[in-house]
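Text of the file input_12.pdb, holding PDB, C-alpha atoms:
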```
ATOM      1  CA  MET A   1      37.725 -63.600 -30.528
ATOM      2  CA  ARG A   2      35.773 -63.388 -27.274
ATOM      3  CA  ALA A   3      33.541 -60.602 -28.665
ATOM      4  CA  TRP A   4      32.829 -62.696 -31.785
ATOM      5  CA  TRP A   5      31.898 -65.684 -29.631
ATOM      6  CA  LEU A   6      29.552 -63.627 -27.452
ATOM      7  CA  LYS A   7      27.826 -62.186 -30.535
ATOM      8  CA  THR A   8      27.443 -65.681 -31.976
ATOM      9  CA  LYS A   9      25.925 -66.964 -28.724
ATOM     10  CA  LEU A  10      23.526 -64.025 -28.663
ATOM     11  CA  ARG A  11      22.441 -64.669 -32.263
ATOM     12  CA  LEU A  12      21.951 -68.361 -31.482
ATOM     13  CA  TYR A  13      19.947 -67.533 -28.354
ATOM     14  CA  ARG A  14      17.690 -65.174 -30.299
ATOM     15  CA  ALA A  15      17.195 -67.739 -33.045
ATOM     16  CA  LEU A  16      16.281 -70.468 -30.558
ATOM     17  CA  LEU A  17      13.969 -68.091 -28.698
ATOM     18  CA  ARG A  18      12.156 -67.253 -31.922
ATOM     19  CA  VAL A  19      11.773 -70.957 -32.692
ATOM     20  CA  GLN A  20      10.326 -71.440 -29.210
ATOM     21  CA  TRP A  21       7.910 -68.549 -29.785
ATOM     22  CA  LEU A  22       6.810 -70.033 -33.112
ATOM     23  CA  ILE A  23       6.205 -73.462 -31.580
ATOM     24  CA  GLU A  24       4.230 -71.973 -28.667
ATOM     25  CA  ALA A  25       2.154 -69.760 -30.969
ATOM     26  CA  ALA A  26       1.465 -72.664 -33.327
ATOM     27  CA  ALA A  27       0.341 -74.816 -30.400
ATOM     28  CA  ILE A  28      -1.986 -72.073 -29.134
ATOM     29  CA  TYR A  29      -3.385 -71.537 -32.633
ATOM     30  CA  LEU A  30      -4.041 -75.267 -33.085
ATOM     31  CA  VAL A  31      -5.713 -75.570 -29.666
ATOM     32  CA  ILE A  32      -7.935 -72.578 -30.389
ATOM     33  CA  ALA A  33      -8.849 -73.983 -33.805
ATOM     34  CA  LEU A  34      -9.726 -77.322 -32.207
ATOM     35  CA  CYS A  35     -11.784 -75.589 -29.509
ATOM     36  CA  LYS A  36     -13.749 -73.732 -32.168
ATOM     37  CA  MET A  37     -14.522 -77.026 -33.861
ATOM     38  CA  LEU A  38     -15.677 -78.599 -30.595
ATOM     39  CA  GLY A  39     -18.012 -75.760 -29.634
ATOM     40  CA  PRO A  40     -18.053 -73.980 -26.251
ATOM     41  CA  ASP A  41     -19.502 -76.749 -24.074
ATOM     42  CA  ARG A  42     -17.353 -79.623 -25.298
ATOM     43  CA  ALA A  43     -14.231 -77.442 -25.492
ATOM     44  CA  SER A  44     -14.807 -76.303 -21.897
ATOM     45  CA  ALA A  45     -15.268 -79.901 -20.727
ATOM     46  CA  VAL A  46     -12.106 -81.088 -22.503
ATOM     47  CA  GLY A  47     -10.095 -78.221 -20.981
ATOM     48  CA  ALA A  48     -11.323 -79.124 -17.512
ATOM     49  CA  TYR A  49     -10.610 -82.833 -18.002
ATOM     50  CA  ILE A  50      -6.997 -82.271 -19.042
ATOM     51  CA  ALA A  51      -6.234 -79.508 -16.515
ATOM     52  CA  THR A  52      -7.632 -81.358 -13.486
ATOM     53  CA  ARG A  53      -5.535 -84.419 -14.240
ATOM     54  CA  LEU A  54      -2.267 -82.639 -14.912
ATOM     55  CA  GLY A  55      -2.457 -79.375 -12.947
ATOM     56  CA  PRO A  56      -2.505 -80.675  -9.344
ATOM     57  CA  ARG A  57       0.663 -82.688 -10.077
ATOM     58  CA  ILE A  58       2.888 -79.840 -11.286
ATOM     59  CA  ALA A  59       5.140 -77.650  -9.149
ATOM     60  CA  VAL A  60       3.057 -74.455  -9.278
ATOM     61  CA  SER A  61       0.297 -76.221  -7.351
ATOM     62  CA  LYS A  62       2.628 -76.234  -4.331
ATOM     63  CA  VAL A  63       2.325 -72.433  -4.310
ATOM     64  CA  ALA A  64      -1.455 -72.760  -4.274
ATOM     65  CA  ARG A  65      -1.396 -75.295  -1.447
ATOM     66  CA  ARG A  66       0.779 -73.064   0.751
ATOM     67  CA  GLN A  67      -1.412 -70.026   0.151
ATOM     68  CA  ILE A  68      -4.666 -71.898   0.750
ATOM     69  CA  GLU A  69      -3.340 -73.327   4.023
ATOM     70  CA  ALA A  70      -2.288 -69.843   5.161
ATOM     71  CA  ALA A  71      -5.637 -68.310   4.216
ATOM     72  CA  TYR A  72      -7.661 -71.147   5.772
ATOM     73  CA  PRO A  73      -5.813 -72.304   8.926
ATOM     74  CA  GLY A  74      -6.780 -75.826   9.890
ATOM     75  CA  ILE A  75      -8.198 -76.733   6.488
ATOM     76  CA  SER A  76      -8.183 -80.483   5.835
ATOM     77  CA  VAL A  77      -6.159 -82.038   3.027
ATOM     78  CA  ALA A  78      -9.366 -83.126   1.296
ATOM     79  CA  GLU A  79     -10.804 -79.606   1.429
ATOM     80  CA  ARG A  80      -7.555 -78.096   0.192
ATOM     81  CA  GLU A  81      -7.288 -80.534  -2.695
ATOM     82  CA  ALA A  82     -10.912 -79.883  -3.648
ATOM     83  CA  ILE A  83     -10.053 -76.197  -4.021
ATOM     84  CA  ILE A  84      -6.936 -77.045  -6.046
ATOM     85  CA  ARG A  85      -8.949 -79.269  -8.350
ATOM     86  CA  GLY A  86     -11.534 -76.498  -8.750
ATOM     87  CA  VAL A  87      -8.815 -73.987  -9.611
ATOM     88  CA  TRP A  88      -7.493 -76.216 -12.383
ATOM     89  CA  ASP A  89     -10.995 -77.066 -13.579
ATOM     90  CA  ASN A  90     -11.710 -73.348 -13.918
ATOM     91  CA  PHE A  91      -8.380 -72.600 -15.645
ATOM     92  CA  GLY A  92      -8.774 -75.445 -18.109
ATOM     93  CA  ARG A  93     -12.238 -74.242 -19.011
ATOM     94  CA  TYR A  94     -11.139 -70.598 -19.123
ATOM     95  CA  PHE A  95      -8.400 -71.334 -21.655
ATOM     96  CA  THR A  96     -10.527 -73.445 -23.988
ATOM     97  CA  GLU A  97     -13.465 -70.998 -23.747
ATOM     98  CA  TYR A  98     -11.137 -68.300 -25.083
ATOM     99  CA  ALA A  99     -11.943 -69.369 -28.628
ATOM    100  CA  HIS A 100     -15.631 -68.623 -28.043
ATOM    101  CA  LEU A 101     -15.479 -65.204 -26.367
ATOM    102  CA  GLN A 102     -17.590 -63.588 -29.079
ATOM    103  CA  SER A 103     -20.368 -66.157 -28.788
ATOM    104  CA  LEU A 104     -20.644 -66.830 -25.028
ATOM    105  CA  TRP A 105     -23.292 -64.131 -24.570
ATOM    106  CA  PRO A 106     -26.612 -65.016 -26.281
ATOM    107  CA  LYS A 107     -27.231 -62.707 -29.244
ATOM    108  CA  ASP A 108     -30.763 -61.878 -28.117
ATOM    109  CA  PHE A 109     -29.843 -61.343 -24.441
ATOM    110  CA  ASP A 110     -32.183 -58.845 -22.781
ATOM    111  CA  PRO A 111     -30.354 -56.714 -20.173
ATOM    112  CA  GLU A 112     -33.649 -56.134 -18.370
ATOM    113  CA  SER A 113     -34.040 -59.869 -17.721
ATOM    114  CA  ASP A 114     -31.982 -62.122 -15.462
ATOM    115  CA  GLY A 115     -30.980 -64.464 -18.282
ATOM    116  CA  VAL A 116     -31.933 -67.595 -16.317
ATOM    117  CA  GLY A 117     -31.841 -70.589 -18.614
ATOM    118  CA  THR A 118     -29.225 -69.055 -20.907
ATOM    119  CA  ARG A 119     -25.438 -69.429 -20.875
ATOM    120  CA  VAL A 120     -25.081 -66.157 -18.954
ATOM    121  CA  GLU A 121     -27.264 -65.095 -16.032
ATOM    122  CA  ILE A 122     -27.067 -61.713 -14.309
ATOM    123  CA  ASP A 123     -27.921 -60.538 -10.828
ATOM    124  CA  PRO A 124     -30.888 -58.153 -10.518
ATOM    125  CA  GLY A 125     -29.855 -54.633 -11.460
ATOM    126  CA  VAL A 126     -26.680 -55.607 -13.336
ATOM    127  CA  GLY A 127     -28.154 -54.943 -16.769
ATOM    128  CA  GLU A 128     -29.442 -51.563 -15.636
ATOM    129  CA  ARG A 129     -26.000 -50.632 -14.285
ATOM    130  CA  PHE A 130     -24.323 -51.628 -17.532
ATOM    131  CA  LEU A 131     -26.727 -49.469 -19.501
ATOM    132  CA  LYS A 132     -26.365 -46.566 -17.056
ATOM    133  CA  ILE A 133     -22.581 -46.651 -17.380
ATOM    134  CA  ARG A 134     -22.924 -46.763 -21.149
ATOM    135  CA  ASP A 135     -25.431 -43.926 -21.467
ATOM    136  CA  ASP A 136     -24.639 -41.417 -18.691
ATOM    137  CA  GLY A 137     -21.765 -39.742 -20.549
ATOM    138  CA  LYS A 138     -19.372 -40.179 -17.612
ATOM    139  CA  PRO A 139     -16.068 -42.026 -17.428
ATOM    140  CA  ALA A 140     -16.134 -45.115 -15.213
ATOM    141  CA  ILE A 141     -13.888 -47.878 -13.883
ATOM    142  CA  ILE A 142     -15.033 -51.492 -13.570
ATOM    143  CA  PHE A 143     -12.619 -53.756 -11.696
ATOM    144  CA  THR A 144     -12.507 -57.503 -11.349
ATOM    145  CA  GLY A 145     -10.108 -60.267 -10.314
ATOM    146  CA  HIS A 146      -8.735 -63.515 -11.703
ATOM    147  CA  ILE A 147     -11.807 -65.433 -10.623
ATOM    148  CA  GLY A 148     -14.368 -67.371 -12.651
ATOM    149  CA  ASN A 149     -13.990 -66.399 -16.308
ATOM    150  CA  TRP A 150     -13.033 -62.732 -16.150
ATOM    151  CA  GLU A 151     -12.976 -62.448 -19.947
ATOM    152  CA  VAL A 152     -16.759 -62.902 -19.991
ATOM    153  CA  LEU A 153     -17.096 -59.435 -18.453
ATOM    154  CA  GLY A 154     -15.250 -57.734 -21.285
ATOM    155  CA  ALA A 155     -17.241 -59.681 -23.835
ATOM    156  CA  GLY A 156     -20.415 -58.624 -21.993
ATOM    157  CA  ALA A 157     -19.454 -54.963 -22.180
ATOM    158  CA  ALA A 158     -19.029 -55.320 -25.931
ATOM    159  CA  HIS A 159     -22.329 -57.213 -26.108
ATOM    160  CA  PHE A 160     -24.131 -54.266 -24.489
ATOM    161  CA  GLU A 161     -22.200 -51.874 -26.767
ATOM    162  CA  LEU A 162     -20.421 -50.372 -23.778
ATOM    163  CA  PRO A 163     -17.143 -48.929 -25.102
ATOM    164  CA  MET A 164     -14.394 -50.061 -22.775
ATOM    165  CA  ALA A 165     -10.612 -50.227 -22.740
ATOM    166  CA  ALA A 166      -9.238 -53.185 -20.807
ATOM    167  CA  MET A 167      -5.828 -53.185 -19.129
ATOM    168  CA  PHE A 168      -3.987 -56.489 -19.456
ATOM    169  CA  ARG A 169      -0.570 -58.090 -19.077
ATOM    170  CA  ALA A 170       0.744 -59.140 -22.474
ATOM    171  CA  PRO A 171       2.334 -62.608 -22.856
ATOM    172  CA  ASN A 172       6.128 -62.734 -23.067
ATOM    173  CA  ASN A 173       5.800 -64.387 -26.476
ATOM    174  CA  PRO A 174       5.033 -61.593 -28.998
ATOM    175  CA  ILE A 175       3.782 -64.054 -31.644
ATOM    176  CA  ALA A 176       1.390 -65.741 -29.205
ATOM    177  CA  GLU A 177       0.376 -62.266 -28.032
ATOM    178  CA  LYS A 178      -0.853 -61.372 -31.516
ATOM    179  CA  VAL A 179      -2.890 -64.593 -31.759
ATOM    180  CA  LEU A 180      -4.566 -63.966 -28.396
ATOM    181  CA  LEU A 181      -5.051 -60.232 -28.911
ATOM    182  CA  ASP A 182      -6.791 -60.823 -32.224
ATOM    183  CA  ILE A 183      -9.384 -62.862 -30.322
ATOM    184  CA  ARG A 184      -9.673 -60.510 -27.360
ATOM    185  CA  GLY A 185      -9.759 -57.390 -29.499
ATOM    186  CA  ALA A 186     -12.557 -58.753 -31.677
ATOM    187  CA  ALA A 187     -14.596 -59.738 -28.608
ATOM    188  CA  MET A 188     -13.788 -56.891 -26.223
ATOM    189  CA  GLY A 189     -12.597 -53.747 -27.980
ATOM    190  CA  ARG A 190      -9.560 -51.631 -27.063
ATOM    191  CA  LEU A 191      -6.767 -53.201 -25.042
ATOM    192  CA  ILE A 192      -4.098 -51.409 -22.981
ATOM    193  CA  PRO A 193      -0.968 -53.535 -22.395
ATOM    194  CA  ALA A 194       0.667 -53.295 -18.973
ATOM    195  CA  GLY A 195       3.850 -51.256 -18.906
ATOM    196  CA  TYR A 196       5.225 -47.842 -18.116
ATOM    197  CA  GLN A 197       2.712 -46.122 -20.435
ATOM    198  CA  ALA A 198      -0.346 -48.086 -19.273
ATOM    199  CA  ALA A 199      -1.382 -45.598 -16.567
ATOM    200  CA  LEU A 200      -1.036 -42.718 -19.018
ATOM    201  CA  GLN A 201      -3.184 -44.460 -21.628
ATOM    202  CA  ALA A 202      -5.755 -45.349 -18.965
ATOM    203  CA  ALA A 203      -5.900 -41.730 -17.829
ATOM    204  CA  ARG A 204      -6.429 -40.575 -21.395
ATOM    205  CA  GLU A 205      -9.270 -43.062 -21.760
ATOM    206  CA  LEU A 206     -11.046 -41.681 -18.700
ATOM    207  CA  GLU A 207     -10.246 -38.083 -19.602
ATOM    208  CA  SER A 208     -12.064 -38.575 -22.912
ATOM    209  CA  GLY A 209     -15.139 -39.905 -21.079
ATOM    210  CA  GLY A 210     -14.330 -43.557 -21.728
ATOM    211  CA  HIS A 211     -14.607 -46.648 -19.548
ATOM    212  CA  LEU A 212     -11.806 -48.728 -18.105
ATOM    213  CA  GLY A 213     -11.697 -52.406 -17.116
ATOM    214  CA  MET A 214      -9.024 -53.472 -14.611
ATOM    215  CA  LEU A 215      -7.780 -56.663 -12.924
ATOM    216  CA  VAL A 216      -6.700 -55.647  -9.422
ATOM    217  CA  ASP A 217      -5.929 -58.808  -7.441
ATOM    218  CA  GLN A 218      -2.257 -59.542  -8.123
ATOM    219  CA  HIS A 219       0.956 -58.853  -6.236
ATOM    220  CA  PHE A 220       2.675 -55.564  -7.019
ATOM    221  CA  SER A 221       5.997 -55.063  -5.266
ATOM    222  CA  ARG A 222       5.810 -51.235  -5.387
ATOM    223  CA  GLY A 223       2.223 -51.161  -4.164
ATOM    224  CA  VAL A 224       0.747 -50.560  -0.731
ATOM    225  CA  SER A 225       0.101 -53.229   1.892
ATOM    226  CA  VAL A 226      -3.602 -53.894   2.481
ATOM    227  CA  PRO A 227      -5.434 -56.747   4.243
ATOM    228  CA  PHE A 228      -6.374 -59.700   2.046
ATOM    229  CA  MET A 229      -7.487 -63.118   3.256
ATOM    230  CA  GLY A 230      -6.077 -62.495   6.729
ATOM    231  CA  ARG A 231      -2.653 -61.218   5.645
ATOM    232  CA  GLU A 232      -1.095 -58.052   4.281
ATOM    233  CA  ALA A 233      -0.727 -58.103   0.496
ATOM    234  CA  LYS A 234       1.196 -55.656  -1.703
ATOM    235  CA  THR A 235      -1.316 -54.176  -4.146
ATOM    236  CA  ALA A 236      -1.078 -51.635  -6.968
ATOM    237  CA  THR A 237      -2.738 -48.259  -6.412
ATOM    238  CA  THR A 238      -3.418 -47.509 -10.093
ATOM    239  CA  LEU A 239      -7.173 -47.736  -9.657
ATOM    240  CA  ALA A 240      -7.094 -45.499  -6.595
ATOM    241  CA  LYS A 241      -4.957 -42.871  -8.334
ATOM    242  CA  LEU A 242      -7.263 -42.788 -11.358
ATOM    243  CA  ALA A 243     -10.425 -42.735  -9.243
ATOM    244  CA  ARG A 244      -9.135 -39.795  -7.160
ATOM    245  CA  ARG A 245      -7.985 -37.875 -10.201
ATOM    246  CA  PHE A 246     -11.219 -38.182 -12.179
ATOM    247  CA  LYS A 247     -13.675 -38.763  -9.298
ATOM    248  CA  CYS A 248     -15.474 -41.141 -11.629
ATOM    249  CA  PRO A 249     -17.902 -43.939 -10.748
ATOM    250  CA  VAL A 250     -16.197 -47.207  -9.750
ATOM    251  CA  TYR A 251     -17.867 -50.629  -9.807
ATOM    252  CA  GLY A 252     -16.722 -54.168  -9.060
ATOM    253  CA  ALA A 253     -17.905 -57.129 -11.149
ATOM    254  CA  TRP A 254     -17.110 -60.804 -11.593
ATOM    255  CA  ALA A 255     -18.336 -63.721 -13.686
ATOM    256  CA  GLU A 256     -18.975 -66.702 -11.442
ATOM    257  CA  ARG A 257     -18.839 -70.090 -13.126
ATOM    258  CA  LEU A 258     -22.061 -71.953 -12.351
ATOM    259  CA  ASP A 259     -21.399 -75.305 -13.987
ATOM    260  CA  GLY A 260     -19.533 -76.131 -17.143
ATOM    261  CA  CYS A 261     -19.635 -73.242 -19.579
ATOM    262  CA  ARG A 262     -22.363 -71.265 -17.767
ATOM    263  CA  PHE A 263     -21.929 -68.062 -15.768
ATOM    264  CA  ARG A 264     -23.608 -65.594 -13.472
ATOM    265  CA  ILE A 265     -22.551 -61.946 -13.487
ATOM    266  CA  HIS A 266     -22.318 -60.170 -10.133
ATOM    267  CA  MET A 267     -21.823 -56.411  -9.930
ATOM    268  CA  THR A 268     -21.631 -53.988  -7.032
ATOM    269  CA  GLU A 269     -23.480 -50.722  -6.787
ATOM    270  CA  GLU A 270     -21.353 -47.644  -7.472
ATOM    271  CA  LEU A 271     -18.768 -47.532  -4.688
ATOM    272  CA  ASP A 272     -18.625 -44.524  -2.397
ATOM    273  CA  PHE A 273     -15.136 -43.054  -2.153
ATOM    274  CA  SER A 274     -16.286 -39.524  -1.301
ATOM    275  CA  ALA A 275     -14.410 -39.517   2.021
ATOM    276  CA  GLU A 276     -11.186 -40.656   0.346
ATOM    277  CA  TYR A 277     -11.561 -38.026  -2.376
ATOM    278  CA  GLU A 278     -11.564 -35.320   0.301
ATOM    279  CA  MET A 279      -8.448 -36.550   2.087
ATOM    280  CA  THR A 280      -5.394 -34.307   1.759
ATOM    281  CA  ASP A 281      -2.903 -37.135   2.279
ATOM    282  CA  ALA A 282      -2.808 -38.728  -1.194
ATOM    283  CA  ARG A 283      -0.961 -41.857  -0.057
ATOM    284  CA  ALA A 284      -3.418 -42.493   2.777
ATOM    285  CA  ALA A 285      -6.376 -41.949   0.448
ATOM    286  CA  GLU A 286      -4.975 -44.321  -2.175
ATOM    287  CA  THR A 287      -4.319 -46.946   0.479
ATOM    288  CA  ALA A 288      -7.875 -46.624   1.838
ATOM    289  CA  ILE A 289      -9.437 -46.971  -1.632
ATOM    290  CA  THR A 290      -7.194 -49.929  -2.459
ATOM    291  CA  ALA A 291      -8.133 -51.605   0.829
ATOM    292  CA  LYS A 292     -11.863 -51.210   0.098
ATOM    293  CA  VAL A 293     -11.469 -52.644  -3.398
ATOM    294  CA  THR A 294      -9.340 -55.535  -2.118
ATOM    295  CA  ALA A 295     -11.936 -56.314   0.566
ATOM    296  CA  ILE A 296     -14.537 -56.741  -2.192
ATOM    297  CA  ILE A 297     -12.217 -59.115  -4.060
ATOM    298  CA  GLU A 298     -11.836 -61.086  -0.813
ATOM    299  CA  GLU A 299     -15.625 -61.448  -0.524
ATOM    300  CA  TRP A 300     -15.710 -63.002  -3.983
ATOM    301  CA  VAL A 301     -12.790 -65.330  -3.236
ATOM    302  CA  ARG A 302     -14.356 -66.525   0.013
ATOM    303  CA  ALA A 303     -17.624 -67.146  -1.839
ATOM    304  CA  ARG A 304     -15.892 -69.311  -4.477
ATOM    305  CA  PRO A 305     -12.302 -70.148  -3.444
ATOM    306  CA  ASP A 306     -12.206 -72.888  -6.077
ATOM    307  CA  GLN A 307     -12.472 -70.288  -8.841
ATOM    308  CA  TRP A 308      -9.705 -67.864  -7.838
ATOM    309  CA  ASN A 309      -6.099 -67.977  -9.080
ATOM    310  CA  TRP A 310      -4.279 -69.392  -6.057
ATOM    311  CA  LEU A 311      -1.395 -70.324  -8.379
ATOM    312  CA  HIS A 312      -0.226 -66.703  -8.464
ATOM    313  CA  ARG A 313       2.077 -65.776  -5.540
ATOM    314  CA  ARG A 314      -0.146 -63.111  -4.018
ATOM    315  CA  TRP A 315       1.900 -62.801  -0.817
ATOM    316  CA  ARG A 316       5.692 -62.328  -1.063
TER     317      ARG A 316
END
```

Mind turning this structure into structure tokens?
Amino acid sequence: MRAWWLKTKLRLYRALLRVQWLIEAAAIYLVIALCKMLGPDRASAVGAYIATRLGPRIAVSKVARRQIEAAYPGISVAEREAIIRGVWDNFGRYFTEYAHLQSLWPKDFDPESDGVGTRVEIDPGVGERFLKIRDDGKPAIIFTGHIGNWEVLGAGAAHFELPMAAMFRAPNNPIAEKVLLDIRGAAMGRLIPAGYQAALQAARELESGGHLGMLVDQHFSRGVSVPFMGREAKTATTLAKLARRFKCPVYGAWAERLDGCRFRIHMTEELDFSAEYEMTDARAAETAITAKVTAIIEEWVRARPDQWNWLHRRWR
């Protein structure tokens, strides 16, 4: 009798979970459809309006407040709340811009120009670096963080016909995952879901001469401790392991939100890890590379703290 009851509860749980997945996926699909109807600028504005009015009131914003206060000792309440509002403004826009990933980059964008006056501007030399990575026949890693609209980078790589596989964390809802991946895949190319096989797939991509996009600014409990915003933060060493193994070029890039649905792409020169590649202590070398990469992420966050994901528990 007890076994029958447990099986019944399990079946009921699975049925309710599937209903929840269907409702969530339907809601996402409807929002995306509405955003497409509104166009990128109005959709972005609506997302910001809703997020800035609801986001600061919900529990996860307490996490952001604690982390901001720890990173900026002595910050005033007004300054802290301005960052919180900016975070939600950016997230609201990011989500509603998702529907327009394929059209955010102007079709006639010239990589040799700076794009001023268009939806996407680029720093001097960024277009040349994109084209160099595309045409030099070498594998490469481009990392970014959850700052600005990071999806714009992947869409930009596709725009410049730069083949790239992007590592990502799949949603828990498999039905919603398919809806979102259909959009991302069409705009960005190959996607590598996080998991126990992700590093292997990433290595295969680089081994075949491909290019890899990575988000590297989240907590990873089995990672190494490196300085970030004045504190030690556990960080994954996947990038460092791959860079040491293939000794491939590594670049950092991020899409800063200028105003509304407009962006500016920043990109580092090729990073020099030659000293770390020569180190015999693999763990020390991986830690050193991870620290350098994390320091670059910190520069971006300090430049625009209102556009980074403070809602994620980076320090635990």

Checklist outcome for this item: Of A:Gly92, A:Gly154, A:Gly209, A:Gly39, the one nearest to Pro139 in chain A when counting all atoms listed in the file is A:Gly209

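Proximity ranking of A:Arg314, A:Trp88, A:Ala26, A:Val19 relative to Arg53 in chain A places A:Trp88 first, based on only C-alpha atoms.
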
What are the closest atom pairs, with distances in Å to one decimal, for all residues of range 267-303 of chain A lying within 10 Å of range 225-230 of chain A? Consider all atoms listed in the file, order rows by chain and residue number, and present the result as CSV.
```
residue,atom,partner,partner_atom,distance
A:Thr287,CA,A:Val226,CA,7.3
A:Ala288,CA,A:Val226,CA,8.5
A:Ile289,CA,A:Val226,CA,9.9
A:Thr290,CA,A:Val226,CA,7.3
A:Ala291,CA,A:Val226,CA,5.3
A:Lys292,CA,A:Val226,CA,9.0
A:Val293,CA,A:Val226,CA,9.9
A:Thr294,CA,A:Phe228,CA,6.6
A:Ala295,CA,A:Phe228,CA,6.7
A:Ile296,CA,A:Phe228,CA,9.7
A:Ile297,CA,A:Phe228,CA,8.5
A:Glu298,CA,A:Met229,CA,6.3
A:Glu299,CA,A:Met229,CA,9.1
A:Val301,CA,A:Met229,CA,8.7
A:Arg302,CA,A:Met229,CA,8.3
```

Explicit residue set for the PyMOL selection byres ((chain A and resi 212) around 12), as a PDB file with C-alpha atoms, keeping the file's coordinate frame:
```pdb
ATOM      1  CA  ILE A 133     -22.581 -46.651 -17.380  1.00  0.00           C
ATOM      2  CA  ARG A 134     -22.924 -46.763 -21.149  1.00  0.00           C
ATOM      3  CA  LYS A 138     -19.372 -40.179 -17.612  1.00  0.00           C
ATOM      4  CA  PRO A 139     -16.068 -42.026 -17.428  1.00  0.00           C
ATOM      5  CA  ALA A 140     -16.134 -45.115 -15.213  1.00  0.00           C
ATOM      6  CA  ILE A 141     -13.888 -47.878 -13.883  1.00  0.00           C
ATOM      7  CA  ILE A 142     -15.033 -51.492 -13.570  1.00  0.00           C
ATOM      8  CA  PHE A 143     -12.619 -53.756 -11.696  1.00  0.00           C
ATOM      9  CA  THR A 144     -12.507 -57.503 -11.349  1.00  0.00           C
ATOM     10  CA  LEU A 153     -17.096 -59.435 -18.453  1.00  0.00           C
ATOM     11  CA  GLY A 154     -15.250 -57.734 -21.285  1.00  0.00           C
ATOM     12  CA  ALA A 157     -19.454 -54.963 -22.180  1.00  0.00           C
ATOM     13  CA  LEU A 162     -20.421 -50.372 -23.778  1.00  0.00           C
ATOM     14  CA  PRO A 163     -17.143 -48.929 -25.102  1.00  0.00           C
ATOM     15  CA  MET A 164     -14.394 -50.061 -22.775  1.00  0.00           C
ATOM     16  CA  ALA A 165     -10.612 -50.227 -22.740  1.00  0.00           C
ATOM     17  CA  ALA A 166      -9.238 -53.185 -20.807  1.00  0.00           C
ATOM     18  CA  MET A 167      -5.828 -53.185 -19.129  1.00  0.00           C
ATOM     19  CA  PHE A 168      -3.987 -56.489 -19.456  1.00  0.00           C
ATOM     20  CA  MET A 188     -13.788 -56.891 -26.223  1.00  0.00           C
ATOM     21  CA  GLY A 189     -12.597 -53.747 -27.980  1.00  0.00           C
ATOM     22  CA  ARG A 190      -9.560 -51.631 -27.063  1.00  0.00           C
ATOM     23  CA  LEU A 191      -6.767 -53.201 -25.042  1.00  0.00           C
ATOM     24  CA  ILE A 192      -4.098 -51.409 -22.981  1.00  0.00           C
ATOM     25  CA  ALA A 198      -0.346 -48.086 -19.273  1.00  0.00           C
ATOM     26  CA  ALA A 199      -1.382 -45.598 -16.567  1.00  0.00           C
ATOM     27  CA  GLN A 201      -3.184 -44.460 -21.628  1.00  0.00           C
ATOM     28  CA  ALA A 202      -5.755 -45.349 -18.965  1.00  0.00           C
ATOM     29  CA  ALA A 203      -5.900 -41.730 -17.829  1.00  0.00           C
ATOM     30  CA  ARG A 204      -6.429 -40.575 -21.395  1.00  0.00           C
ATOM     31  CA  GLU A 205      -9.270 -43.062 -21.760  1.00  0.00           C
ATOM     32  CA  LEU A 206     -11.046 -41.681 -18.700  1.00  0.00           C
ATOM     33  CA  GLU A 207     -10.246 -38.083 -19.602  1.00  0.00           C
ATOM     34  CA  SER A 208     -12.064 -38.575 -22.912  1.00  0.00           C
ATOM     35  CA  GLY A 209     -15.139 -39.905 -21.079  1.00  0.00           C
ATOM     36  CA  GLY A 210     -14.330 -43.557 -21.728  1.00  0.00           C
ATOM     37  CA  HIS A 211     -14.607 -46.648 -19.548  1.00  0.00           C
ATOM     38  CA  GLY A 213     -11.697 -52.406 -17.116  1.00  0.00           C
ATOM     39  CA  MET A 214      -9.024 -53.472 -14.611  1.00  0.00           C
ATOM     40  CA  LEU A 215      -7.780 -56.663 -12.924  1.00  0.00           C
ATOM     41  CA  THR A 238      -3.418 -47.509 -10.093  1.00  0.00           C
ATOM     42  CA  LEU A 239      -7.173 -47.736  -9.657  1.00  0.00           C
ATOM     43  CA  LEU A 242      -7.263 -42.788 -11.358  1.00  0.00           C
ATOM     44  CA  ALA A 243     -10.425 -42.735  -9.243  1.00  0.00           C
ATOM     45  CA  CYS A 248     -15.474 -41.141 -11.629  1.00  0.00           C
ATOM     46  CA  PRO A 249     -17.902 -43.939 -10.748  1.00  0.00           C
ATOM     47  CA  VAL A 250     -16.197 -47.207  -9.750  1.00  0.00           C
ATOM     48  CA  TYR A 251     -17.867 -50.629  -9.807  1.00  0.00           C
ATOM     49  CA  GLY A 252     -16.722 -54.168  -9.060  1.00  0.00           C
TER      50      GLY A 252
END
```

Next on the checklist: For a cutoff of 6 Å around the file-coordinate point (-14.5, -75.0, -15.5), which residues qualify once you count all atoms listed in the file? I'd like the result as a PyMOL selection string.
Outcome noted: chain A and resi 48+89-90+93+260

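Distances to Ile58 in chain A were evaluated for A:Ala82, A:Val224, A:Leu200, A:Leu311 using all atoms listed in the file, and the minimum falls at A:Leu311.
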
Item to check | Atom pair CA of Ile68 in chain A / CA of Arg313 in chain A: separation (Å) | outcome: 11.1 Å

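What separates CA of Ala233 in chain A from CA of His219 in chain A is a distance of 7.0 Å.
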
Checklist entry - Pro124 in chain A: which residues within 12 Å, counting only C-alpha atoms, same-chain residues fewer than 4 positions away excluded, as a PyMOL selection string? => result chain A and resi 111-116+128-130+264-269

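Among the candidate residues A:Ile84, A:Arg169, A:Gly74, A:Ile147, the one lying nearest to Lys62 in chain A is A:Ile84, with distances computed using all atoms listed in the file.
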
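When the PyMOL selection byres ((chain A and resi 105) around 9) is evaluated on the file shown here, the picked residues come out as Leu101, Gln102, Ser103, Leu104, Pro106, Lys107, Asp108, Phe109, Thr118, Arg119, Val120, Val152, Ala155, Gly156 and His159 of chain A.
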
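With distances taken over all atoms listed in the file, A:Gly86 is the one residue among A:Gly47, A:Gly86, A:Gly117, A:Pro193 lying closest to Ala64 in chain A.
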